[in-house]
Structure formats: structure tokens, C-alpha cells
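> Next comes the structure file protein.txt, holding compact mmCIF, C-alpha atoms and all ligand atoms.
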```
# COMPACT_ATOMS: atom_id res chain seq x y z
CA MET F 1 20.97 8.15 -7.01
CA THR F 2 18.54 8.85 -4.21
CA LYS F 3 15.19 10.46 -5.00
CA LYS F 4 13.40 12.50 -2.41
CA GLU F 5 9.68 13.17 -2.25
CA ARG F 6 8.10 15.31 0.42
CA VAL F 7 4.67 14.87 1.92
CA GLY F 8 3.60 18.40 2.87
CA LEU F 9 1.26 18.28 5.83
CA GLY F 10 2.35 21.28 7.88
CA GLU F 11 3.95 20.16 11.13
CA ARG F 12 3.31 16.53 10.12
CA SER F 13 5.40 16.84 6.90
CA TYR F 14 8.03 14.24 6.09
CA ASP F 15 10.45 13.02 3.45
CA ILE F 16 10.30 9.79 1.48
CA LEU F 17 13.75 8.66 0.30
CA ILE F 18 13.89 6.22 -2.57
CA GLY F 19 16.94 4.50 -4.06
CA SER F 20 19.56 1.76 -3.83
CA GLY F 21 21.89 1.14 -0.90
CA LEU F 22 19.98 3.31 1.57
CA LEU F 23 19.55 0.74 4.31
CA GLY F 24 23.02 0.94 5.92
CA GLU F 25 24.88 4.12 6.82
CA LYS F 26 22.45 6.47 5.10
CA ALA F 27 19.47 5.12 7.04
CA GLY F 28 21.48 5.16 10.27
CA ARG F 29 22.47 8.79 9.75
CA LEU F 30 18.93 9.93 8.94
CA ILE F 31 17.46 8.08 11.89
CA GLY F 32 20.27 9.39 14.09
CA GLU F 33 19.28 12.94 13.09
CA LEU F 34 15.83 12.31 14.55
CA GLY F 35 17.81 11.96 17.77
CA CYS F 36 16.13 9.38 19.93
CA LYS F 37 16.01 5.85 21.27
CA VAL F 38 14.75 3.43 18.66
CA LEU F 39 12.65 0.27 18.64
CA VAL F 40 13.00 -1.66 15.38
CA VAL F 41 9.91 -3.76 14.59
CA SER F 42 10.13 -6.52 12.01
CA ASN F 43 9.48 -10.23 11.50
CA ARG F 44 11.94 -13.11 11.48
CA ARG F 45 12.04 -13.40 7.70
CA VAL F 46 12.69 -9.75 6.92
CA TYR F 47 14.95 -9.19 9.91
CA SER F 48 17.19 -12.12 8.96
CA LEU F 49 17.56 -10.62 5.48
CA TYR F 50 17.90 -6.90 6.28
CA GLY F 51 18.09 -6.41 10.05
CA GLY F 52 21.87 -6.65 9.97
CA ARG F 53 22.26 -3.84 7.43
CA LEU F 54 19.94 -1.54 9.35
CA ALA F 55 21.62 -2.43 12.65
CA ASP F 56 25.07 -1.58 11.22
CA GLY F 57 23.80 1.80 10.14
CA LEU F 58 22.26 2.51 13.54
CA GLU F 59 25.44 1.41 15.35
CA LYS F 60 27.64 3.61 13.14
CA ALA F 61 25.38 6.58 13.85
CA GLY F 62 25.55 5.89 17.57
CA VAL F 63 21.80 5.32 17.88
CA LYS F 64 20.54 3.49 20.99
CA TRP F 65 18.24 0.74 19.77
CA SER F 66 16.69 -2.65 20.34
CA HIS F 67 14.31 -4.78 18.32
CA THR F 68 11.10 -6.79 18.55
CA LEU F 69 10.04 -9.42 16.04
CA LEU F 70 6.38 -10.15 15.34
CA PRO F 71 5.00 -13.33 13.77
CA ASP F 72 4.66 -13.01 9.97
CA GLY F 73 1.52 -12.54 7.95
CA GLU F 74 -1.86 -10.83 7.69
CA LYS F 75 -3.34 -13.15 10.32
CA ASN F 76 -1.02 -11.54 12.84
CA LYS F 77 -2.17 -8.00 12.06
CA THR F 78 -3.96 -8.01 15.39
CA MET F 79 -4.26 -6.19 18.71
CA LYS F 80 -2.16 -9.03 20.16
CA SER F 81 0.78 -7.92 18.03
CA VAL F 82 0.17 -4.29 19.00
CA GLY F 83 0.14 -5.43 22.65
CA ALA F 84 3.50 -7.15 22.19
CA LEU F 85 4.95 -3.88 20.92
CA HIS F 86 3.44 -1.87 23.77
CA ASP F 87 5.01 -4.39 26.18
CA ALA F 88 8.41 -3.96 24.53
CA LEU F 89 8.09 -0.16 24.72
CA VAL F 90 7.06 -0.19 28.38
CA ASP F 91 9.64 -2.81 29.41
CA GLY F 92 12.37 -0.96 27.52
CA LYS F 93 11.41 2.31 29.28
CA TYR F 94 10.84 4.12 26.00
CA ASP F 95 9.74 7.70 26.57
CA ARG F 96 7.74 10.19 24.49
CA ASP F 97 10.83 11.04 22.43
CA SER F 98 11.22 7.50 21.18
CA LEU F 99 11.05 6.34 17.58
CA VAL F 100 9.48 3.14 16.32
CA ILE F 101 10.91 1.81 13.04
CA ALA F 102 8.83 -0.52 10.88
CA LEU F 103 11.15 -2.77 8.83
CA GLY F 104 8.98 -4.93 6.59
CA GLY F 105 5.88 -5.01 4.44
CA GLY F 106 2.50 -3.42 4.95
CA VAL F 107 1.57 -5.67 7.86
CA ILE F 108 4.60 -4.64 9.92
CA GLY F 109 4.08 -0.99 8.91
CA ASP F 110 0.41 -0.95 9.89
CA VAL F 111 0.96 -2.69 13.25
CA ALA F 112 4.10 -0.77 14.23
CA GLY F 113 2.49 2.49 13.15
CA PHE F 114 -0.58 1.83 15.26
CA ALA F 115 1.55 0.88 18.28
CA ALA F 116 3.44 4.17 17.80
CA ALA F 117 0.17 6.11 17.40
CA THR F 118 -1.15 4.78 20.71
CA TYR F 119 1.92 4.45 22.95
CA MET F 120 1.93 7.48 25.29
CA ARG F 121 -0.73 9.03 23.00
CA GLY F 122 1.66 8.92 20.08
CA VAL F 123 5.40 8.63 19.52
CA ARG F 124 7.22 9.13 16.24
CA PHE F 125 7.73 6.33 13.77
CA ALA F 126 9.68 5.72 10.59
CA GLN F 127 8.82 3.36 7.78
CA VAL F 128 11.47 1.19 6.12
CA PRO F 129 9.24 -0.66 3.64
CA THR F 130 10.62 -3.88 2.11
CA THR F 131 7.77 -4.91 -0.21
CA LEU F 132 6.87 -3.07 -3.40
CA LEU F 133 3.32 -2.63 -2.10
CA ALA F 134 4.61 -1.04 1.10
CA GLN F 135 7.04 1.20 -0.83
CA VAL F 136 4.40 2.56 -3.20
CA ASP F 137 1.38 2.52 -0.93
CA SER F 138 1.13 1.53 2.72
CA SER F 139 4.24 3.32 4.04
CA VAL F 140 2.95 6.70 2.86
CA GLY F 141 -0.16 8.48 4.09
CA GLY F 142 -0.39 7.67 7.77
CA LYS F 143 -3.10 5.02 7.85
CA THR F 144 -2.17 2.59 10.61
CA GLY F 145 -4.11 -0.19 12.24
CA VAL F 146 -5.05 -3.81 12.62
CA ASN F 147 -7.82 -6.23 11.68
CA HIS F 148 -10.80 -7.14 13.86
CA PRO F 149 -12.12 -10.72 13.73
CA LYS F 150 -15.19 -9.29 11.94
CA GLY F 151 -13.43 -7.15 9.37
CA LYS F 152 -10.15 -5.94 7.91
CA ASN F 153 -8.54 -2.69 9.09
CA LEU F 154 -11.45 -1.87 11.41
CA ILE F 155 -9.22 -0.72 14.27
CA GLY F 156 -6.76 2.05 13.55
CA ALA F 157 -5.57 5.62 13.64
CA PHE F 158 -4.19 8.24 11.32
CA HIS F 159 -0.57 8.71 12.36
CA GLN F 160 1.91 10.05 9.83
CA PRO F 161 5.47 8.67 9.85
CA SER F 162 8.37 11.06 10.43
CA LEU F 163 10.46 9.49 7.66
CA VAL F 164 10.12 6.84 4.95
CA ILE F 165 13.19 5.05 3.56
CA ALA F 166 12.43 2.89 0.54
CA ASP F 167 15.55 0.93 -0.43
CA VAL F 168 14.69 -0.81 -3.71
CA ASP F 169 17.54 -3.31 -3.17
CA THR F 170 15.41 -5.03 -0.54
CA LEU F 171 12.90 -6.07 -3.21
CA ALA F 172 15.39 -8.56 -4.69
CA THR F 173 14.29 -11.28 -2.26
CA LEU F 174 10.57 -10.67 -2.63
CA PRO F 175 8.57 -13.53 -4.19
CA LYS F 176 7.45 -12.65 -7.77
CA LYS F 177 3.78 -12.86 -6.76
CA GLU F 178 4.35 -10.16 -4.13
CA VAL F 179 6.24 -8.00 -6.65
CA LEU F 180 3.24 -8.17 -9.00
CA GLY F 181 0.91 -7.27 -6.15
CA GLY F 182 2.82 -3.99 -5.80
CA VAL F 183 2.91 -3.46 -9.57
CA ALA F 184 -0.92 -3.48 -9.56
CA GLU F 185 -0.90 -0.43 -7.26
CA VAL F 186 1.73 1.25 -9.48
CA ILE F 187 -0.52 0.77 -12.52
CA LYS F 188 -3.38 2.21 -10.44
CA TYR F 189 -1.50 5.49 -9.97
CA GLY F 190 -0.94 5.84 -13.71
CA LEU F 191 -4.58 5.13 -14.42
CA ILE F 192 -6.07 7.53 -11.87
CA ALA F 193 -3.65 10.42 -12.08
CA ASP F 194 -0.90 10.45 -14.68
CA SER F 195 -1.23 9.47 -18.35
CA LYS F 196 2.46 10.22 -19.00
CA PHE F 197 3.47 7.81 -16.24
CA PHE F 198 1.05 5.26 -17.68
CA GLY F 199 2.76 5.57 -21.10
CA TRP F 200 6.15 5.18 -19.44
CA LEU F 201 4.90 2.04 -17.66
CA GLU F 202 3.71 0.59 -20.98
CA LYS F 203 7.29 0.91 -22.26
CA ASN F 204 9.02 -0.21 -19.07
CA MET F 205 6.73 -2.89 -17.65
CA GLU F 206 9.08 -5.78 -18.32
CA ALA F 207 11.97 -3.98 -16.61
CA LEU F 208 9.74 -3.10 -13.65
CA VAL F 209 8.50 -6.66 -13.20
CA ASN F 210 12.15 -7.78 -13.33
CA LEU F 211 13.04 -5.10 -10.75
CA ASP F 212 15.59 -3.19 -12.83
CA PRO F 213 16.88 -0.80 -10.11
CA GLY F 214 16.57 2.45 -12.08
CA VAL F 215 13.12 1.64 -13.44
CA THR F 216 11.92 0.45 -10.04
CA ALA F 217 13.20 3.57 -8.25
CA LYS F 218 11.43 5.77 -10.80
CA ALA F 219 8.17 3.81 -10.50
CA VAL F 220 8.31 3.97 -6.69
CA GLY F 221 9.17 7.68 -6.77
CA VAL F 222 6.33 8.67 -9.11
CA SER F 223 3.86 6.46 -7.21
CA CYS F 224 4.84 8.05 -3.89
CA ARG F 225 4.59 11.53 -5.42
CA ILE F 226 1.05 10.84 -6.65
CA LYS F 227 0.00 9.37 -3.32
CA ALA F 228 1.62 12.28 -1.46
CA ARG F 229 -0.35 14.85 -3.51
CA VAL F 230 -3.62 13.01 -2.84
CA VAL F 231 -2.90 12.67 0.89
CA GLU F 232 -1.93 16.35 1.12
CA SER F 233 -5.28 17.33 -0.34
CA ASP F 234 -7.37 15.00 1.82
CA GLU F 235 -5.38 13.51 4.70
CA ARG F 236 -8.34 11.86 6.42
CA GLU F 237 -10.24 10.59 3.41
CA THR F 238 -13.26 12.83 3.52
CA GLY F 239 -13.36 13.06 -0.27
CA LEU F 240 -10.59 12.98 -2.85
CA ARG F 241 -8.44 10.35 -1.11
CA ALA F 242 -11.12 7.84 -2.06
CA MET F 243 -9.69 7.89 -5.59
CA LEU F 244 -6.88 5.69 -4.27
CA ASN F 245 -9.56 3.01 -3.95
CA PHE F 246 -9.83 2.69 -7.74
CA GLY F 247 -10.25 -1.02 -8.49
CA HIS F 248 -10.66 -1.75 -4.79
CA THR F 249 -14.46 -2.04 -4.56
CA VAL F 250 -14.49 -5.14 -6.74
CA GLY F 251 -10.97 -6.10 -5.55
CA HIS F 252 -12.00 -6.21 -1.88
CA ALA F 253 -15.13 -8.18 -2.81
CA VAL F 254 -13.02 -10.72 -4.72
CA GLU F 255 -10.73 -11.09 -1.70
CA ALA F 256 -13.69 -11.47 0.67
CA VAL F 257 -15.70 -14.05 -1.31
CA THR F 258 -12.58 -16.17 -1.86
CA GLY F 259 -11.79 -16.15 1.86
CA TYR F 260 -8.63 -14.00 1.54
CA THR F 261 -6.65 -17.06 0.48
CA ARG F 262 -6.95 -17.40 -3.31
CA TYR F 263 -5.63 -13.97 -4.31
CA ILE F 264 -3.20 -11.64 -2.64
CA HIS F 265 -4.51 -8.07 -2.42
CA GLY F 266 -2.81 -6.63 -5.51
CA HIS F 267 -3.96 -9.48 -7.72
CA ALA F 268 -7.56 -9.02 -6.58
CA VAL F 269 -7.16 -5.28 -7.23
CA ALA F 270 -5.93 -6.09 -10.75
CA ILE F 271 -9.22 -7.90 -11.44
CA GLY F 272 -11.04 -5.01 -9.75
CA MET F 273 -9.29 -2.45 -11.99
CA ALA F 274 -10.24 -4.45 -15.08
CA ALA F 275 -13.87 -4.43 -13.86
CA ALA F 276 -13.72 -0.70 -13.11
CA ALA F 277 -12.31 0.00 -16.58
CA GLU F 278 -15.20 -1.97 -18.14
CA LEU F 279 -17.69 -0.15 -15.93
CA SER F 280 -16.17 3.19 -16.96
CA ALA F 281 -16.75 2.23 -20.61
CA ILE F 282 -20.30 1.04 -19.87
CA LYS F 283 -21.04 4.42 -18.22
CA GLY F 284 -19.72 6.18 -21.32
CA ALA F 285 -16.95 7.87 -19.31
CA LEU F 286 -14.05 5.98 -20.94
CA SER F 287 -13.48 5.17 -24.60
CA GLY F 288 -13.06 1.59 -25.77
CA LYS F 289 -9.45 2.47 -26.57
CA GLY F 290 -8.87 3.70 -23.01
CA ARG F 291 -10.42 0.55 -21.56
CA ASP F 292 -8.25 -1.66 -23.78
CA ALA F 293 -5.11 0.26 -22.79
CA ALA F 294 -5.93 -0.10 -19.08
CA ILE F 295 -6.67 -3.81 -19.26
CA GLY F 296 -3.77 -4.33 -21.67
CA LEU F 297 -1.19 -2.97 -19.24
CA ILE F 298 -2.52 -5.01 -16.30
CA ARG F 299 -2.33 -8.12 -18.48
CA LYS F 300 1.16 -7.19 -19.73
CA ALA F 301 2.39 -7.09 -16.14
CA GLY F 302 1.29 -10.71 -15.73
CA LEU F 303 -1.57 -9.81 -13.40
CA PRO F 304 -5.05 -11.37 -13.67
CA VAL F 305 -7.72 -9.47 -15.64
CA THR F 306 -10.30 -12.26 -15.84
CA LEU F 307 -13.02 -13.09 -13.35
CA PRO F 308 -13.19 -16.89 -13.08
CA ASP F 309 -16.61 -18.52 -13.56
CA ASP F 310 -16.64 -20.09 -10.10
CA ILE F 311 -16.83 -16.65 -8.45
CA SER F 312 -20.48 -15.58 -8.57
CA SER F 313 -21.38 -12.02 -9.55
CA GLN F 314 -24.25 -12.06 -7.06
CA GLU F 315 -21.92 -12.88 -4.19
CA LEU F 316 -19.50 -10.19 -5.28
CA ILE F 317 -22.25 -7.57 -5.45
CA SER F 318 -23.45 -8.50 -1.95
CA ALA F 319 -19.91 -8.32 -0.66
CA MET F 320 -19.62 -4.81 -2.14
CA GLY F 321 -22.64 -3.70 -0.17
CA MET F 322 -20.86 -4.82 2.98
CA ASP F 323 -17.74 -2.87 2.11
CA LYS F 324 -17.14 -0.20 4.74
CA LYS F 325 -16.36 2.17 1.87
CA ALA F 326 -20.01 1.97 0.70
CA LYS F 327 -21.71 5.17 1.87
CA SER F 328 -25.38 5.05 3.00
CA GLY F 329 -26.36 1.87 1.17
CA SER F 330 -25.42 2.98 -2.35
CA ILE F 331 -22.28 1.74 -4.01
CA ARG F 332 -19.83 4.46 -4.93
CA PHE F 333 -17.35 3.78 -7.67
CA ILE F 334 -14.18 5.45 -8.83
CA LEU F 335 -14.39 5.47 -12.63
CA LEU F 336 -11.94 6.48 -15.34
CA HIS F 337 -12.71 9.41 -17.62
CA GLY F 338 -9.58 8.70 -19.60
CA VAL F 339 -6.19 7.22 -18.76
CA GLY F 340 -4.84 9.45 -15.97
CA ASP F 341 -8.22 10.92 -15.03
CA CYS F 342 -10.73 9.53 -12.55
CA ARG F 343 -13.91 10.73 -10.84
CA ILE F 344 -16.12 9.47 -8.06
CA HIS F 345 -19.54 8.27 -9.24
CA ALA F 346 -22.43 7.74 -6.84
CA ASP F 347 -24.96 6.56 -9.43
CA VAL F 348 -23.65 3.13 -10.39
CA THR F 349 -26.44 0.55 -10.53
CA ARG F 350 -26.27 -3.13 -9.68
CA GLY F 351 -27.18 -3.91 -13.30
CA GLN F 352 -24.18 -1.96 -14.59
CA ILE F 353 -21.87 -3.72 -12.15
CA ALA F 354 -23.26 -7.09 -13.19
CA GLU F 355 -22.65 -6.19 -16.85
CA ALA F 356 -19.03 -5.19 -16.16
CA LEU F 357 -18.42 -8.41 -14.22
CA MET F 358 -19.89 -10.42 -17.10
CA LYS F 359 -17.54 -8.68 -19.56
CA ILE F 360 -14.40 -9.44 -17.57
CA ARG F 361 -15.27 -13.15 -17.45
CA ARG F 362 -14.38 -13.21 -21.15
CA ASN F 363 -11.03 -11.40 -20.87
N1 LIG I 1 -1.69 1.72 5.64
C1 LIG I 1 -2.04 1.79 4.38
O1 LIG I 1 -2.28 2.86 3.82
C2 LIG I 1 -2.12 0.52 3.60
C3 LIG I 1 -2.24 0.57 2.21
C4 LIG I 1 -2.24 -0.63 1.51
C5 LIG I 1 -2.13 -1.82 2.19
N2 LIG I 1 -2.03 -1.83 3.54
C6 LIG I 1 -1.88 -3.08 4.28
O2 LIG I 1 -0.65 -3.69 3.91
C7 LIG I 1 -0.73 -5.08 4.13
C8 LIG I 1 -0.12 -5.80 2.95
O3 LIG I 1 1.24 -5.42 2.84
P1 LIG I 1 2.27 -6.32 2.02
O4 LIG I 1 1.70 -6.64 0.70
O5 LIG I 1 3.57 -5.64 2.10
O6 LIG I 1 2.23 -7.70 2.81
P2 LIG I 1 3.14 -8.28 4.01
O7 LIG I 1 3.56 -7.23 4.92
O8 LIG I 1 2.37 -9.42 4.57
O9 LIG I 1 4.40 -8.85 3.23
C9 LIG I 1 4.24 -9.92 2.32
C10 LIG I 1 5.22 -11.06 2.63
O10 LIG I 1 6.51 -10.70 2.17
C11 LIG I 1 7.47 -10.87 3.23
N3 LIG I 1 8.51 -9.90 2.95
C12 LIG I 1 8.50 -8.57 3.22
N4 LIG I 1 9.58 -8.00 2.71
C13 LIG I 1 10.31 -8.96 2.11
C14 LIG I 1 11.53 -8.98 1.39
N5 LIG I 1 12.17 -7.84 1.12
N6 LIG I 1 11.98 -10.16 0.93
C15 LIG I 1 11.28 -11.29 1.13
N7 LIG I 1 10.12 -11.36 1.80
C16 LIG I 1 9.64 -10.19 2.27
C17 LIG I 1 6.68 -10.67 4.47
O11 LIG I 1 7.32 -11.23 5.59
C18 LIG I 1 5.35 -11.35 4.11
O12 LIG I 1 5.45 -12.73 4.30
C19 LIG I 1 -2.20 -5.39 4.34
O13 LIG I 1 -2.41 -5.67 5.70
C20 LIG I 1 -2.91 -4.12 3.95
O14 LIG I 1 -4.12 -3.91 4.66
C21 LIG I 1 -2.01 -0.69 4.25
ZN ZN I 2 -4.58 -1.63 -2.45
```
Using C-alpha cells, write down the structure from this file.


Amino acid sequence: MTKKERVGLGERSYDILIGSGLLGEKAGRLIGELGCKVLVVSNRRVYSLYGGRLADGLEKAGVKWSHTLLPDGEKNKTMKSVGALHDALVDGKYDRDSLVIALGGGVIGDVAGFAAATYMRGVRFAQVPTTLLAQVDSSVGGKTGVNHPKGKNLIGAFHQPSLVIADVDTLATLPKKEVLGGVAEVIKYGLIADSKFFGWLEKNMEALVNLDPGVTAKAVGVSCRIKARVVESDERETGLRAMLNFGHTVGHAVEAVTGYTRYIHGHAVAIGMAAAAELSAIKGALSGKGRDAAIGLIRKAGLPVTLPDDISSQELISAMGMDKKAKSGSIRFILLHGVGDCRIHADVTRGQIAEALMKIRRN
């Protein structure tokens, strides 16, 4: 069964389709309906696994298409990759009616989306996310962009996709570590916005981690619905959208001080969510029971909840000050006021952060 979620943004509205077996004919038909010449962007690994299925669908729908493969990995989320896509679009004589399709994880989605946002001042693009993180997070919401040598995601544009097709079958080949990275973001949605979903995740975590198709499709669907509602209310992150950064202040700091090599993003966010749950309890916003439930579910998923002793609190706190999400010198935090309820706090002190970090060393 295919689930459909809609992101309602006026003339920039679009559908997110979630289910099994979408990649072939169904994807071809939907893309065909957008009626244009298509450039499929992927990397060698993902394209060798799923390019054939997408290509079959496009051929059956009579879509004119070609493809460009980018080198894999975060280190290639660069202007050089964007340039390669612009070259392919120019050389292929793509016009303003063209469609760029991102087939891959968040890196491919961010780069292809930014190339689409900038080619001829913006052409349409569709996301076909193949990692759990991309299906529940990066493919929805229209943030596109690349890294600068001095910082992650510093160059970019808001450019909403015209369609998102999340085929959960593609997750079967994803390394377990990457699956868990996406699960961390799924848990985040339950914690910040939906206590019922959180309870459902407590019961279904094992099935989700093992990618049971029905459970996975439901988790992706609810996650996309929550993200869609947040994006609808604050497309350009002037306020409420910041709640999606729950766990990310500490998470980004953990990634930065460990040189972006020791933890993948979702695992660092798991530690960051554990810290934010502790901090919420320290601030008196969250009960001890709520904190234990939050940390308990992250642990149950097999994600890290402990801050290792060789990562210094001082370094983490400095790294947080450098975070581009820190407004005017003070560190803002998204804290829980219960499972499924979060608020933005501007009055978090360094001492309170240090205390929370100390607590999660003993988890
Ligand atoms: N735009 C946004 O709103 C947003 C939100 C969150 C994250 N992001 C960005 O997303 C990126 C991370 O995305 P990611 O976690 O998907 O990483 P990724 O795109 O690097 O993919 C992880 C790895 O899995 C491989 N892979 C992808 N699909 C596969 C499949 N089905 N089977 C086997 N291997 C597969 C990829 O080739 C890659 O090696 C970061 O750059 C981050 O900044 C963007
Ligand atoms: Zn994240």
C-alpha cells in the first residue's frame, strides 16, 4: 500500500509517496506526468543497485532522460559536484522545463537540489531518497546546498522538490549503521511532536531496525507528516522549524570535535538527544520518567546514549558556540516539556550544559 503525504506550501506544494515497489512503473508514470526532460543524478553505488529499476520506469512512461553520476560521500558535497551537474545540464541542452531527479541519500539530494535551484534560476527537481535519513528528513523541506571548506552546509538555497518518492524497498541494501542513523531522526520526531508515535515506536523498534516493510513505511510516513507540518508553518526557519534541531546542538558539536569521522550524523544526534533530555530534566521542564523514556528508546534502537570520556565537555561547549545555529552569542536549546512536546529555550547556561554532559557520561 502506498501512503501519500502532502506538503502544503501554496504554489510550491508537493506530494511525498511512501511504500514498497514504487521505483519502477509507478515512479516512471508520476515523473512522466510532470512532463519534461529528466536528468537523473546519483552515485555509482546507488545507481548500480537502483538505477535500472528507475530507468525501466522512465522508459515505459516514454520520458526522455539521461544520467550523471557523482563521486560518493560527504566529502563530495561540494561546489565541484554542483559544477559537474551544471555542465551536464548545459551540455545536454536542458531548458527551464527540465526536471532533475536525485536518486540517493542526503548528499545526492542536497547537491542535486542545489544544482536545480541555481540552473537557469531554478528548475524543478524530484527526490527519490534511498537512505532512511533521506526518506524521513533531507528529502522533505527544500533545504539544498553544499559544504564550504570552513563549514558544513554554508552554501545553499531553499528550493522545494516537486515530488518525493520514498520506496522503502531500497533500504534493504543500506548498511545497518546508516539505518540506525535514520532511526535517530525518527525517534526525534516522536520526542518533539507526537507522544502516540513515540509509544508506537517503543513497541515496534525491533521491527523498524530490522526494516519490516509495513513498520518502516509507517515510520517514514509519520516522520514525513511531522516534518511537513513544521515546514508548512515555518518554511525558511525563522522560528518554529528550529525544533527539528532537537539533539543537534550537542550532536553537531560531537561531530565537529571528533573530526566528522568517528560518528555518522544520526549517531551523534542520538548522543545529542540524550544530552538534551538530561538538560530538559535539569531545567525542570521534563520529568525523570520522561527523560528515562527518551533515553531508553534511543538505547533500545542500538544507538549511542553515552558520551565517552575522551571527548571533553569544554571542547564540546566551545564547538556549540561556533554553531551557526547559535544566535547572538547565546546558546539556544530545544528542550522537552514532555514526550511529544518541545520548546525553544534561550536561557541555557554553560553550567547547565556541562552538568547534562557529565550525566550522560554515566549512561
Ligand atoms: N536538506 C536537508 O534538510 C537535510 C537534512 C538532514 C541531512 N541532510 C544532509 O544529508 C546528508 C546525509 O545524508 P545520508 O545520511 O543519506 O548520507 P549519504 O547520502 O552520504 O548516504 C550514506 C551512504 O549510503 C549509500 N547509500 C545510499 N543509499 C543506499 C542504498 N539504498 N543502499 C546502499 N547504500 C546506499 C551512499 O552512497 C552513501 O555512501 C548530509 O550531507 C546532511 O547534511 C540534509
Ligand atoms: Zn539531523

> Distance limit 9 Å, reference ligand ZN 2 (chain I), atoms considered: all atoms listed in the file. Which residues make the cut? Give them as a ChimeraX atom specification.

/F:133,137-138,181-182,184-185,188,244-248,251-252,265-266,268-269

> With only C-alpha atoms as the basis for distance, which of F:Gly28, F:Gly57, F:Gly109, F:Gly151 is at the shortest distance from Val41 (chain F)?

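Closest candidate: F:Gly109.
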
> Show me a table, sorted first by chain and then by increasing residue number, of the residues of chain F having an atom at most 8 Å from ligand LIG 1 (chain I), each with its shortest atom pair and the distance in Å to one decimal, counting all atoms listed in the file and written as a Markdown table.


```
| residue | atom | partner | partner_atom | distance |
| --- | --- | --- | --- | --- |
| F:Asn43 | CA | I:LIG1 | O11 | 6.4 |
| F:Arg44 | CA | I:LIG1 | O11 | 7.7 |
| F:Arg45 | CA | I:LIG1 | O11 | 5.6 |
| F:Val46 | CA | I:LIG1 | C13 | 5.4 |
| F:Leu49 | CA | I:LIG1 | N6 | 7.2 |
| F:Tyr50 | CA | I:LIG1 | N5 | 7.8 |
| F:Asp72 | CA | I:LIG1 | O11 | 5.4 |
| F:Gly73 | CA | I:LIG1 | O8 | 4.7 |
| F:Glu74 | CA | I:LIG1 | O8 | 5.4 |
| F:Lys77 | CA | I:LIG1 | O13 | 6.8 |
| F:Gly104 | CA | I:LIG1 | C12 | 5.0 |
| F:Gly105 | CA | I:LIG1 | O7 | 3.2 |
| F:Gly106 | CA | I:LIG1 | O3 | 3.2 |
| F:Val107 | CA | I:LIG1 | O7 | 3.9 |
| F:Ile108 | CA | I:LIG1 | O7 | 5.7 |
| F:Gly109 | CA | I:LIG1 | N1 | 7.2 |
| F:Asp110 | CA | I:LIG1 | N1 | 5.4 |
| F:Pro129 | CA | I:LIG1 | N4 | 7.4 |
| F:Thr130 | CA | I:LIG1 | N4 | 4.3 |
| F:Thr131 | CA | I:LIG1 | N4 | 4.6 |
| F:Leu132 | CA | I:LIG1 | O5 | 6.9 |
| F:Leu133 | CA | I:LIG1 | O4 | 5.2 |
| F:Ala134 | CA | I:LIG1 | O5 | 4.8 |
| F:Asp137 | CA | I:LIG1 | C3 | 5.2 |
| F:Ser138 | CA | I:LIG1 | C2 | 3.5 |
| F:Ser139 | CA | I:LIG1 | N1 | 6.3 |
| F:Val140 | CA | I:LIG1 | O1 | 6.6 |
| F:Gly141 | CA | I:LIG1 | O1 | 6.0 |
| F:Gly142 | CA | I:LIG1 | N1 | 6.5 |
| F:Lys143 | CA | I:LIG1 | N1 | 4.2 |
| F:Thr144 | CA | I:LIG1 | N1 | 5.1 |
| F:Gly145 | CA | I:LIG1 | N1 | 7.3 |
| F:Val146 | CA | I:LIG1 | O13 | 7.6 |
| F:Lys152 | CA | I:LIG1 | O14 | 7.1 |
| F:Asn153 | CA | I:LIG1 | O14 | 6.4 |
| F:Thr170 | CA | I:LIG1 | N5 | 4.6 |
| F:Leu171 | CA | I:LIG1 | N5 | 4.7 |
| F:Ala172 | CA | I:LIG1 | N5 | 6.7 |
| F:Thr173 | CA | I:LIG1 | N6 | 4.1 |
| F:Leu174 | CA | I:LIG1 | N6 | 3.9 |
| F:Pro175 | CA | I:LIG1 | C15 | 6.4 |
| F:Glu178 | CA | I:LIG1 | C9 | 6.5 |
| F:Gly181 | CA | I:LIG1 | O4 | 6.9 |
| F:Gly182 | CA | I:LIG1 | O4 | 7.1 |
| F:Ile264 | CA | I:LIG1 | O4 | 7.8 |
| F:His265 | CA | I:LIG1 | O4 | 7.1 |
| F:Gly266 | CA | I:LIG1 | O4 | 7.7 |
```

> Using only C-alpha atoms and a cutoff of 12 Å, can you tell me which residues are near (-8.3, 11.9, 0.0) in the file's coordinates, and write them out as a PyMOL selection string?

chain F and resi 141-143+226-245+344

> Once you have the residues from the selection above, write them out as a PDB file, keeping the file's coordinate frame, restricted to C-alpha atoms.


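The result, stored in out-v6.pdb:
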```
ATOM      1  CA  GLY F 141      -0.160   8.480   4.090  1.00  0.00           C
ATOM      2  CA  GLY F 142      -0.390   7.670   7.770  1.00  0.00           C
ATOM      3  CA  LYS F 143      -3.100   5.020   7.850  1.00  0.00           C
ATOM      4  CA  ILE F 226       1.050  10.840  -6.650  1.00  0.00           C
ATOM      5  CA  LYS F 227       0.000   9.370  -3.320  1.00  0.00           C
ATOM      6  CA  ALA F 228       1.620  12.280  -1.460  1.00  0.00           C
ATOM      7  CA  ARG F 229      -0.350  14.850  -3.510  1.00  0.00           C
ATOM      8  CA  VAL F 230      -3.620  13.010  -2.840  1.00  0.00           C
ATOM      9  CA  VAL F 231      -2.900  12.670   0.890  1.00  0.00           C
ATOM     10  CA  GLU F 232      -1.930  16.350   1.120  1.00  0.00           C
ATOM     11  CA  SER F 233      -5.280  17.330  -0.340  1.00  0.00           C
ATOM     12  CA  ASP F 234      -7.370  15.000   1.820  1.00  0.00           C
ATOM     13  CA  GLU F 235      -5.380  13.510   4.700  1.00  0.00           C
ATOM     14  CA  ARG F 236      -8.340  11.860   6.420  1.00  0.00           C
ATOM     15  CA  GLU F 237     -10.240  10.590   3.410  1.00  0.00           C
ATOM     16  CA  THR F 238     -13.260  12.830   3.520  1.00  0.00           C
ATOM     17  CA  GLY F 239     -13.360  13.060  -0.270  1.00  0.00           C
ATOM     18  CA  LEU F 240     -10.590  12.980  -2.850  1.00  0.00           C
ATOM     19  CA  ARG F 241      -8.440  10.350  -1.110  1.00  0.00           C
ATOM     20  CA  ALA F 242     -11.120   7.840  -2.060  1.00  0.00           C
ATOM     21  CA  MET F 243      -9.690   7.890  -5.590  1.00  0.00           C
ATOM     22  CA  LEU F 244      -6.880   5.690  -4.270  1.00  0.00           C
ATOM     23  CA  ASN F 245      -9.560   3.010  -3.950  1.00  0.00           C
ATOM     24  CA  ILE F 344     -16.120   9.470  -8.060  1.00  0.00           C
TER      25      ILE F 344
END
```

> May I have the protein, DNA and RNA residues with any atom at most 9 Å from the point (8.3, 7.3, 10.0), counting only C-alpha atoms, written as a list of chain:residue names?

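Looking at atoms near the point gives F:Tyr14, F:Asp15, F:Leu99, F:Val100, F:Ile101, F:Ala102, F:Gly113, F:Arg124, F:Phe125, F:Ala126, F:Gln127, F:Val128, F:Ser139, F:Val140, F:Gly142, F:Gln160, F:Pro161, F:Ser162, F:Leu163, F:Val164, F:Ile165.
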